[in-house]
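> Got a structure for you, written out below as structure tokens; questions coming shortly.
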There are 2 protein chains.
Amino acid sequence: MNRYPNQTRILVATDCIIFGFDGEELKLLLIKRHFEPEIGKWSLMGGFLKEEEDLEAGAKRILNDLTGLSNIYVEQLGAFGKVDRDPAERTLSVAFFALINIHDHDQEAVRAHNAHWISLKNKPALIFDHDDMVSLALEHLRYNAALHPIGFELLPEAFTIPQLQKLYEAIYDMQLDRRNFSRKILSTGLLIDTGSKNMSAPTKKAIMYCLDKEKYQRKFYAFWNFMPGQGK
Amino acid sequence: MNRYPNQTRILVATDCIIFGFDGEELKLLLIKRHFEPEIGKWSLMGGFLKEEEDLEAGAKRILNDLTGLSNIYVEQLGAFGKVDRDPAERTLSVAFFALINIHDHDQEAVRAHNAHWISLKNKPALIFDHDDMVSLALEHLRYNAALHPIGFELLPEAFTIPQLQKLYEAIYDMQLDRRNFSRKILSTGLLIDTGSKNMSAPTKKAIMYCLDKEKYQRKFYAFWNFMPGQGK
DNA sequence: GCAAAAGTGTTAAAGCTACACCCATGT
DNA sequence: ACATGGGTGTAGCTTTAACACTTTTGC
């Protein structure tokens with residue numbers, strides 16, 4: 001049965017913008033392509049949507065392929081549909097935004113795909129419209145991390161407040177006041193004191209917290225407004 | 001040249017969630033289908049993406065078709081890609097979110113498409129996953145109207161503050177304090193006093209304002225946070 | 001002059017910013 | 001003991017929420 005004759009069918013792909021944080025800088029997981037087309041160039045990890053596969057399932061398959069992880073924070077960024085975005089053949093790509101704990105992924109798999117963690121500040125030019133996707137993803141990250149507690153997805157289970165602050169400073173590329181940041185974060189009630197301390201620090205050991213997952217769910221949509229005064 | 005053999009090509013469509021405001025209630029422009037498939041049922045306005053057409057151009061074509069308008073506020077909501085969302089054939093749909101001034105559209109064209117303005121509160125069930133699209137669009141509207149000055153897109157060029165307040169009250173389905181609302185809106189500096197007054201009012205005539213378009217552009221991303229205390 | 005809708009003012013509480021001080025740890 | 005980094009407190013300002021009064025208009 002074909003109720004829609006005379007309509008064009010086109011390729012649909014998924015590309016993933018994968019962010020990680022190493023404690024100092026925001027990083028992207030990028031692929032140095034060792035396959036055609038555009039061999040040798042940098043790109044996002046992506047792939048075609050399969051015949052019997054839901055969109056989000058496709059993204060998760062691709063992410064799992066590359067990182068070995070299956071419980072990744074993923075959001076759809078949007079569809080990229082310019083006619084000529086892939087010079088070989090028209091392909092609509094749905095971009096997905098992923099946040100992962102950089103120490104958690106499967107190093108083997110990443111190596112096999114010829115993928116590398118690249119600091120955002122040294123990002124090379126990417127193929128097709130992947131640069132646009134990264135720009136939009138960064139905008140999205142900045143926008144949403146100020147309003148929702150998604151930053152935690154980039155950190156390990158247990159983390160200290162100074163670590164969290166460094167993350168925010170990396171996301172927004174700005175300095176934050178230690179005392180105000182700490183007060184603001186703690187006042188959300190989202191953090192639970194694990195009782196242990198960060199033993200790897202050379203000076204005073206910071207308290208390690210973990211996320212109150214139940215509250216995290218409940219409060220996700222209660223706006224914060226985390227960054228100090230962005231003007232009126 | 002076909003560099004991607006063995007991949008499935010699928011249909012790509014665009015569906016538009018079109019909001020309007022009649023001064024009292026939020027409305028949706030919906031179609032009572034007088035064509036197959038699903039004839040007689042309610043749906044969003046949509047259509048297939050053409051061979052040489054960019055995604056956003058497709059959405060604008062469809063919107064123009066239905067309303068006769070070409071300067072509509074449009075944003076991409078996202079792609080809907082469940083395998084079985086269209087029972088006839090797999091179709092990926094990219095949903096677009098549109099805000100229009102309800103008094104502005106081409107009534108002829110709307111009638112020709114068998115389209116109707118339906119109050120959100122009386123929304124009938126829609127075909128396929130269109131109900132999900134509407135839910136997401138409403139969420140998006142609520143989310144964004146609190147942070148960005150997009151509400152103005154639903155009003156005529158010149159409007160009064162009480163009209164704007166009614167719009168916000170309709171969007172959030174809650175009552176707002178007249179005095180605080182007015183102060184908050186005016187403090188953004190986005191409104192220009194046109195000098196005229198709303199002559200159709202039966203009592204005291206309210207001042208008509210228009211939007212400062214230049215400031216609107218500049219301030220779009222400066223977060224407001226319009227709704228009063230959503231809790232911590 | 002009265003009802004209905006619009007404009008403006010005030011005050012107390014809450015939140016934010018910018019600061020300074022003290023504590024724990026390794027050398 | 002000192003340098004480094006982490007935790008906590010406070011004062012002044014701004015913003016917010018809650019509330020009351022006055023003005024304009026049609027009848």
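Just so we're on the same page: first chain in the structure tokens is A, next is B, and so on; residues restart at 1 for each chain, and ligands are numbered from 1 in the order they show up.
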Return as a PyMOL selection string the residues belonging to chain A that are within 9 Å of chain B, counting only C-alpha atoms.
chain A and resi 1-4+7-12+36-37+48-56+76-84+88-92+94+187-188+219+222-225+230-232
> Quick one: residues within 10 Å of B:Phe21, only C-alpha atoms (C1' of nucleotides) counted, chain neighbours fewer than 6 positions away excluded, as a PyMOL selection string?
chain B and resi 27-28+99-103+117+119+151+153-156+166-167+170-171
> Those same residues - N, CA and C atoms - I'd like them written as a tab-separated table (two decimals), in the first residue's frame.

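Wrote result_20.tsv, looks like this:
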```tsv
chain	number	residue	atom	x	y	z
B	27	LYS	N	-6.01	30.05	21.00
B	27	LYS	CA	-6.64	29.18	20.02
B	27	LYS	C	-5.60	28.53	19.12
B	28	LEU	N	-6.04	27.45	18.53
B	28	LEU	CA	-5.21	26.70	17.59
B	28	LEU	C	-5.91	26.69	16.25
B	99	LEU	N	3.27	31.56	15.67
B	99	LEU	CA	2.42	32.50	16.41
B	99	LEU	C	1.92	33.54	15.43
B	100	ILE	N	0.61	33.70	15.35
B	100	ILE	CA	0.10	34.73	14.44
B	100	ILE	C	-0.96	35.58	15.10
B	101	ASN	N	-1.11	36.75	14.57
B	101	ASN	CA	-2.17	37.64	15.00
B	101	ASN	C	-3.46	37.14	14.36
B	102	ILE	N	-4.38	36.74	15.19
B	102	ILE	CA	-5.56	36.01	14.72
B	102	ILE	C	-6.43	36.83	13.78
B	103	HIS	N	-6.30	38.14	13.83
B	103	HIS	CA	-7.15	38.97	12.97
B	103	HIS	C	-6.52	39.25	11.62
B	117	TRP	N	-10.44	27.97	13.86
B	117	TRP	CA	-9.78	28.35	15.10
B	117	TRP	C	-10.51	27.67	16.25
B	119	SER	N	-10.55	26.82	20.36
B	119	SER	CA	-9.99	27.15	21.67
B	119	SER	C	-9.23	25.94	22.22
B	151	GLY	N	5.42	36.83	23.23
B	151	GLY	CA	3.97	36.98	23.32
B	151	GLY	C	3.43	38.03	22.34
B	153	GLU	N	3.96	38.55	19.43
B	153	GLU	CA	3.66	38.03	18.09
B	153	GLU	C	2.18	37.66	17.96
B	154	LEU	N	1.51	37.45	19.07
B	154	LEU	CA	0.11	37.05	19.03
B	154	LEU	C	-0.84	38.24	19.04
B	155	LEU	N	-0.29	39.43	19.22
B	155	LEU	CA	-1.14	40.62	19.32
B	155	LEU	C	-1.01	41.49	18.08
B	156	PRO	N	-1.96	42.40	17.90
B	156	PRO	CA	-1.82	43.36	16.80
B	156	PRO	C	-0.65	44.30	17.04
B	166	LYS	N	-3.97	39.86	29.59
B	166	LYS	CA	-4.94	38.79	29.32
B	166	LYS	C	-4.30	37.67	28.53
B	167	LEU	N	-3.41	38.04	27.62
B	167	LEU	CA	-2.70	37.03	26.85
B	167	LEU	C	-1.87	36.14	27.77
B	170	ALA	N	-3.96	33.86	29.68
B	170	ALA	CA	-4.46	32.73	28.88
B	170	ALA	C	-3.36	31.69	28.68
B	171	ILE	N	-2.16	32.15	28.43
B	171	ILE	CA	-1.06	31.20	28.21
B	171	ILE	C	-0.82	30.35	29.45
```
> Dump as a PyMOL selection string the residues of chain B that approach chain D to within 7 Å, counting only C-alpha atoms (C1' of nucleotides).
chain B and resi 202-204
> Define the interface residues of chain C facing chain A as those within 9 Å, counting only C-alpha atoms (C1' of nucleotides), and report them as a short mmCIF file (atom, residue, chain, number, x, y, z; two decimals) with all heavy atoms, in the first residue's frame.

```cif
data_model
loop_
_atom_site.label_atom_id
_atom_site.label_comp_id
_atom_site.auth_asym_id
_atom_site.auth_seq_id
_atom_site.Cartn_x
_atom_site.Cartn_y
_atom_site.Cartn_z
P DC C 16 18.58 34.98 44.24
OP1 DC C 16 18.46 34.43 42.88
OP2 DC C 16 19.13 34.16 45.34
"O5'" DC C 16 19.43 36.32 44.16
"C5'" DC C 16 19.07 37.33 43.23
"C4'" DC C 16 20.11 38.44 43.31
"O4'" DC C 16 20.05 39.01 44.64
"C3'" DC C 16 21.53 37.92 43.10
"O3'" DC C 16 22.11 38.63 42.03
"C2'" DC C 16 22.24 38.20 44.43
"C1'" DC C 16 21.36 39.23 45.11
N1 DC C 16 21.31 39.10 46.60
C2 DC C 16 21.71 40.19 47.39
O2 DC C 16 22.12 41.21 46.83
N3 DC C 16 21.65 40.08 48.74
C4 DC C 16 21.21 38.96 49.31
N4 DC C 16 21.16 38.90 50.65
C5 DC C 16 20.78 37.84 48.53
C6 DC C 16 20.85 37.95 47.19
P DT C 17 23.58 38.25 41.52
OP1 DT C 17 23.61 38.56 40.08
OP2 DT C 17 23.90 36.89 42.00
"O5'" DT C 17 24.51 39.28 42.27
"C5'" DT C 17 24.39 40.67 41.98
"C4'" DT C 17 25.32 41.46 42.90
"O4'" DT C 17 24.94 41.23 44.26
"C3'" DT C 17 26.78 41.06 42.77
"O3'" DT C 17 27.50 42.24 42.41
"C2'" DT C 17 27.17 40.51 44.15
"C1'" DT C 17 26.11 41.13 45.06
N1 DT C 17 25.71 40.34 46.27
C2 DT C 17 25.72 40.96 47.49
O2 DT C 17 26.06 42.13 47.65
N3 DT C 17 25.31 40.17 48.54
C4 DT C 17 24.91 38.85 48.48
O4 DT C 17 24.57 38.25 49.50
C5 DT C 17 24.92 38.25 47.16
C7 DT C 17 24.49 36.83 47.00
C6 DT C 17 25.32 39.02 46.13
P DC C 23 38.71 29.33 62.94
OP1 DC C 23 37.95 28.82 64.10
OP2 DC C 23 40.10 29.84 63.08
"O5'" DC C 23 38.72 28.20 61.84
"C5'" DC C 23 37.48 27.61 61.42
"C4'" DC C 23 37.79 26.52 60.41
"O4'" DC C 23 38.32 27.13 59.21
"C3'" DC C 23 38.83 25.51 60.87
"O3'" DC C 23 38.39 24.23 60.45
"C2'" DC C 23 40.09 25.93 60.13
"C1'" DC C 23 39.52 26.47 58.84
N1 DC C 23 40.34 27.49 58.13
C2 DC C 23 40.68 27.27 56.79
O2 DC C 23 40.30 26.24 56.23
N3 DC C 23 41.43 28.20 56.15
C4 DC C 23 41.82 29.31 56.79
N4 DC C 23 42.55 30.21 56.11
C5 DC C 23 41.47 29.56 58.15
C6 DC C 23 40.74 28.63 58.78
P DA C 24 39.02 22.95 61.17
OP1 DA C 24 37.89 22.05 61.51
OP2 DA C 24 40.02 23.37 62.17
"O5'" DA C 24 39.80 22.30 59.95
"C5'" DA C 24 39.06 21.73 58.88
"C4'" DA C 24 40.03 21.41 57.78
"O4'" DA C 24 40.68 22.63 57.36
"C3'" DA C 24 41.13 20.45 58.18
"O3'" DA C 24 41.08 19.39 57.24
"C2'" DA C 24 42.43 21.25 58.04
"C1'" DA C 24 42.04 22.36 57.09
N9 DA C 24 42.70 23.66 57.25
C8 DA C 24 42.76 24.43 58.37
N7 DA C 24 43.39 25.57 58.19
C5 DA C 24 43.77 25.54 56.86
C6 DA C 24 44.48 26.45 56.06
N6 DA C 24 44.94 27.62 56.50
N1 DA C 24 44.69 26.09 54.76
C2 DA C 24 44.22 24.92 54.32
N3 DA C 24 43.54 23.99 54.99
C4 DA C 24 43.36 24.36 56.26
P DT C 25 41.87 18.05 57.50
OP1 DT C 25 41.08 16.95 56.93
OP2 DT C 25 42.30 18.04 58.92
"O5'" DT C 25 43.15 18.25 56.59
"C5'" DT C 25 42.99 18.38 55.18
"C4'" DT C 25 44.28 18.87 54.59
"O4'" DT C 25 44.54 20.22 55.00
"C3'" DT C 25 45.51 18.08 55.03
"O3'" DT C 25 45.88 17.25 53.95
"C2'" DT C 25 46.55 19.14 55.34
"C1'" DT C 25 45.91 20.42 54.83
N1 DT C 25 46.26 21.67 55.56
C2 DT C 25 46.91 22.66 54.87
O2 DT C 25 47.22 22.55 53.69
N3 DT C 25 47.19 23.79 55.59
C4 DT C 25 46.88 24.01 56.92
O4 DT C 25 47.17 25.06 57.46
C5 DT C 25 46.19 22.93 57.59
C7 DT C 25 45.81 23.09 59.03
C6 DT C 25 45.92 21.82 56.89
P DG C 26 47.09 16.22 54.08
OP1 DG C 26 46.81 15.05 53.22
OP2 DG C 26 47.41 16.05 55.51
"O5'" DG C 26 48.27 17.07 53.39
"C5'" DG C 26 48.08 17.59 52.08
"C4'" DG C 26 49.36 18.20 51.58
"O4'" DG C 26 49.57 19.49 52.22
"C3'" DG C 26 50.63 17.39 51.86
"O3'" DG C 26 51.48 17.50 50.73
"C2'" DG C 26 51.23 18.05 53.11
"C1'" DG C 26 50.76 19.50 52.98
N9 DG C 26 50.44 20.15 54.27
C8 DG C 26 49.83 19.57 55.35
N7 DG C 26 49.65 20.41 56.35
C5 DG C 26 50.18 21.61 55.89
C6 DG C 26 50.28 22.87 56.52
O6 DG C 26 49.89 23.19 57.65
N1 DG C 26 50.89 23.81 55.70
C2 DG C 26 51.34 23.57 54.43
N2 DG C 26 51.90 24.60 53.80
N3 DG C 26 51.26 22.40 53.82
C4 DG C 26 50.67 21.46 54.61
#
```
> In Å, with one decimal, what is the gap from atom CA of A:Leu30 to atom CA of A:Asn71?
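Distance between the two atoms: 19.7 Å.
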> Taking into account only C-alpha atoms, which residue in the set B:Leu176, B:Leu29, B:Ala98, B:Leu190 is nearest to B:Trp42?
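When distances to B:Trp42 are compared using only C-alpha atoms, the smallest one comes from B:Leu29.
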> Atom C1' of C:DG7 and atom CA of B:Ser182 are how many Å apart?
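Going from atom C1' of C:DG7 over to atom CA of B:Ser182, I get 9.5 Å.
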> Find the spatial neighbours of A:His105, counting only C-alpha atoms (C1' of nucleotides), within a cut-off of 7 Å - ignore same-chain residues fewer than 6 positions away - and output them as a CSV table (one decimal) with N, CA, C and O atoms, in the first residue's frame.

```
chain,number,residue,atom,x,y,z
A,67,THR,N,30.4,5.0,22.6
A,67,THR,CA,30.9,5.1,24.0
A,67,THR,C,30.7,3.9,24.8
A,67,THR,O,31.3,3.8,25.9
A,68,GLY,N,29.9,3.0,24.4
A,68,GLY,CA,29.6,1.8,25.2
A,68,GLY,C,28.6,2.1,26.3
A,68,GLY,O,28.3,1.2,27.1
A,69,LEU,N,28.2,3.4,26.4
A,69,LEU,CA,27.2,3.8,27.5
A,69,LEU,C,25.8,3.7,27.0
A,69,LEU,O,25.5,3.9,25.8
```
> To test your reading of the structure, identify every residue in stretch 11-173 of chain B that backbone DSSP assigns to strand (DSSP E or B), and report it as an MDAnalysis selection string.
chainID B and resid 11:21 26:32 42:43 45:48 73:80 91:99 115:119 126 159:160
> So what do you get for atom CA of A:Leu44 versus atom CA of A:Gly20, distance-wise?
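Pair atom CA of A:Leu44 / atom CA of A:Gly20 returns 13.9 Å.
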> Just the alpha helix (DSSP H) stuff from stretch 45-217 of chain A, please, per backbone DSSP, written as a PyMOL selection string.
chain A and resi 55-67+107-112+130-145+161-172+178-187+213-217
